[in-house]
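For reference, the structure is listed below as structure tokens.
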Amino acid sequence: MFASVAFLILIQSVPVVPVTVTSRSPIVEVHEFSDAELSCEFTTEKETNPRIEWKKKHKDVSFVYYEGRFVGPFQERAAMEGATVKLRRVTQEDAGEYRCEVSAPADAVTLGETNVTLRVLVPPHTPACEVPSSALTGSVVELRCRDHHSIPPAVYTWFKDNRAIPIRQPNASYTVNEFTGVLSFQTVSRADTGQYHCEAKNSVGPAKSCRATLMQIDDVNIAAVVSGVLLVCVTLLLCVFGVCYARRHGYFSRDQTSGYSHPPKEPQDFKHTQSFML
């Protein structure tokens, strides 16, 4: 009797281990078009045939592995080893947060889960560069450079005549934002004329550059501006003179402007002829 009681106490004192789910690599980083492993490991208390499900979190949650098979775009390029998913040739569409769920109906705690984040790394692509072909001295000018594909996001370096433009330069008339790729000139001068190109780089692959473009800075043509102003003034004076001349000579009389015209007068000789006949 004493032995039975001791055995029951011993059983009750053994800690119950509910279903637990873990991952060896909660964050996975791989290059685009390479293979990825989403690790999921579990232990159960009693359940010998737990149910395994994988889901991907978007705005909504979608199934990746359900009822013993892969679904959707994962059908042809995913394999299951235990509870671990192996994906072949991942793309940016595969990046995101995944959840491994293990259901153990026979356990005291019937559900366990763990999250795995997949990051798909992309090397720099050739950036799109915007360089004005010309500008006037003293004006504000912006040059833009952007690579929309690289992950992690690229940082940018601008070059003038194949020489890197320093990001921080004392008393410089420009600013460079290496994260947005914008090169801003507060006031350009003729010395800023040159061939400009931009380079995008990140930690994944080799840097990429756009083609160099000539930006020509010219002085304002004062003589041309003065001539243009004088031409406009002369044109306005001629218009005013023409209007005054037309009014003085009756071209803008009230009868003409109202659209009314007097009947033509009969010739005097015709009237005398009629009187003589009578």
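Ordering of the structure tokens sets the chain letters (A, B, ...), residue numbers begin anew at 1 in every chain, and ligands are numbered from 1 in the order given.
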**Prompt:** How would you write, as JSON, numbers by chain, the set of residues in segment 18-266 of chain A that DSSP gives as helix (DSSP H, G or I)?
**Reply:** {"A": [72, 73, 74, 92, 93, 94, 190, 191, 192, 222, 223, 224, 225, 226, 227, 228, 229, 230, 231, 232, 233, 234, 235, 236, 237, 238, 239, 240, 241, 242, 243, 244, 245, 246, 247, 248, 254, 255, 256, 257, 258]}
**Prompt:** Which residues, written as a VMD selection string, have at least one atom at most 9 Å from Pro105 of chain A, with only C-alpha atoms counted and residues fewer than 3 positions away on the same chain left out?
**Reply:** chain A and resid 46 to 47 50 to 51 108 to 111
Atoms kept (N, CA, C and O atoms) for selection, written as a compact mmCIF listing (two decimals), in the first residue's frame:
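The result, written out as again_4.txt:
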# COMPACT_ATOMS: atom_id res chain seq x y z
N LYS A 46 2.20 13.75 -25.10
CA LYS A 46 1.68 12.41 -25.36
C LYS A 46 1.42 12.16 -26.84
O LYS A 46 1.51 11.03 -27.30
N GLU A 47 1.08 13.23 -27.54
CA GLU A 47 0.66 13.10 -28.93
C GLU A 47 1.77 12.50 -29.79
O GLU A 47 2.91 12.95 -29.77
N PRO A 50 1.10 14.56 -34.31
CA PRO A 50 0.59 15.93 -34.28
C PRO A 50 0.31 16.45 -35.69
O PRO A 50 0.87 15.97 -36.67
N ARG A 51 -0.55 17.44 -35.76
CA ARG A 51 -0.86 18.07 -37.03
C ARG A 51 0.03 19.29 -37.20
O ARG A 51 0.11 20.15 -36.30
N ALA A 108 -1.94 18.22 -22.79
CA ALA A 108 -2.66 19.17 -21.94
C ALA A 108 -2.74 20.53 -22.63
O ALA A 108 -3.76 21.20 -22.59
N VAL A 109 -1.65 20.95 -23.23
CA VAL A 109 -1.63 22.15 -24.06
C VAL A 109 -1.63 21.66 -25.50
O VAL A 109 -0.68 21.00 -25.95
N THR A 110 -2.68 21.99 -26.23
CA THR A 110 -2.89 21.33 -27.52
C THR A 110 -2.27 22.07 -28.71
O THR A 110 -2.24 21.51 -29.81
N LEU A 111 -1.80 23.29 -28.52
CA LEU A 111 -1.29 24.05 -29.66
C LEU A 111 -0.03 24.80 -29.28
O LEU A 111 0.05 25.44 -28.24
**segment 48-264 of chain A: residues DSSP assigns to strand (DSSP E or B), reported as a PyMOL selection string** = chain A and resi 51-57+61-66+69-70+78-81+84-87+96-103+111-122+128-130+134-136+141-146+151+155-160+163-164+174-177+182-185+194-201+208-209+213-218
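Residue nearest Ser39 of chain A, chosen from A:Met215, A:Val64, A:Ala83, A:Val120 and counting only C-alpha atoms: A:Ala83.
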**Item:** Atom-to-atom span, atom CA of Val204 of chain A and atom CA of Lys86 of chain A, Å
**Value:**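 Value for the atom CA of Val204 of chain A-atom CA of Lys86 of chain A distance: 22.0 Å.
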**Straight-line distance linking atom CA of His197 of chain A with atom CA of Glu32 of chain A, stated in Å to one decimal** =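 It comes out at 27.0 Å.
By chain and then residue number, the residues within 10 Å of Ser209 of chain A are Pro124, His125, Thr126, Pro127, Ala128, Cys129, Cys145, Asp147, Tyr156, Thr157, Trp158, Phe159, His197, Cys198, Glu199, Ala200 and Lys201 of chain A, counting only C-alpha atoms and disregarding those fewer than 5 positions away in sequence.
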The selected residues should be written to file as a JSON list (two decimals), in the first residue's frame (atoms: C-alpha atoms).
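Saved to again.json:
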[["chain", "number", "residue", "atom", "x", "y", "z"],
["A", 124, "PRO", "CA", 21.96, 46.73, -56.54],
["A", 125, "HIS", "CA", 20.35, 47.32, -59.92],
["A", 126, "THR", "CA", 21.37, 50.12, -62.31],
["A", 127, "PRO", "CA", 19.87, 53.24, -60.72],
["A", 128, "ALA", "CA", 17.62, 55.71, -62.52],
["A", 129, "CYS", "CA", 19.36, 59.08, -62.66],
["A", 145, "CYS", "CA", 19.36, 58.89, -58.22],
["A", 147, "ASP", "CA", 17.43, 52.09, -57.17],
["A", 156, "TYR", "CA", 24.33, 56.44, -53.19],
["A", 157, "THR", "CA", 27.49, 58.25, -54.27],
["A", 158, "TRP", "CA", 27.51, 61.03, -56.87],
["A", 159, "PHE", "CA", 30.46, 61.56, -59.22],
["A", 197, "HIS", "CA", 26.72, 59.98, -62.70],
["A", 198, "CYS", "CA", 25.55, 58.12, -59.60],
["A", 199, "GLU", "CA", 26.54, 54.79, -58.02],
["A", 200, "ALA", "CA", 24.24, 52.54, -55.93],
["A", 201, "LYS", "CA", 25.70, 49.94, -53.57]]
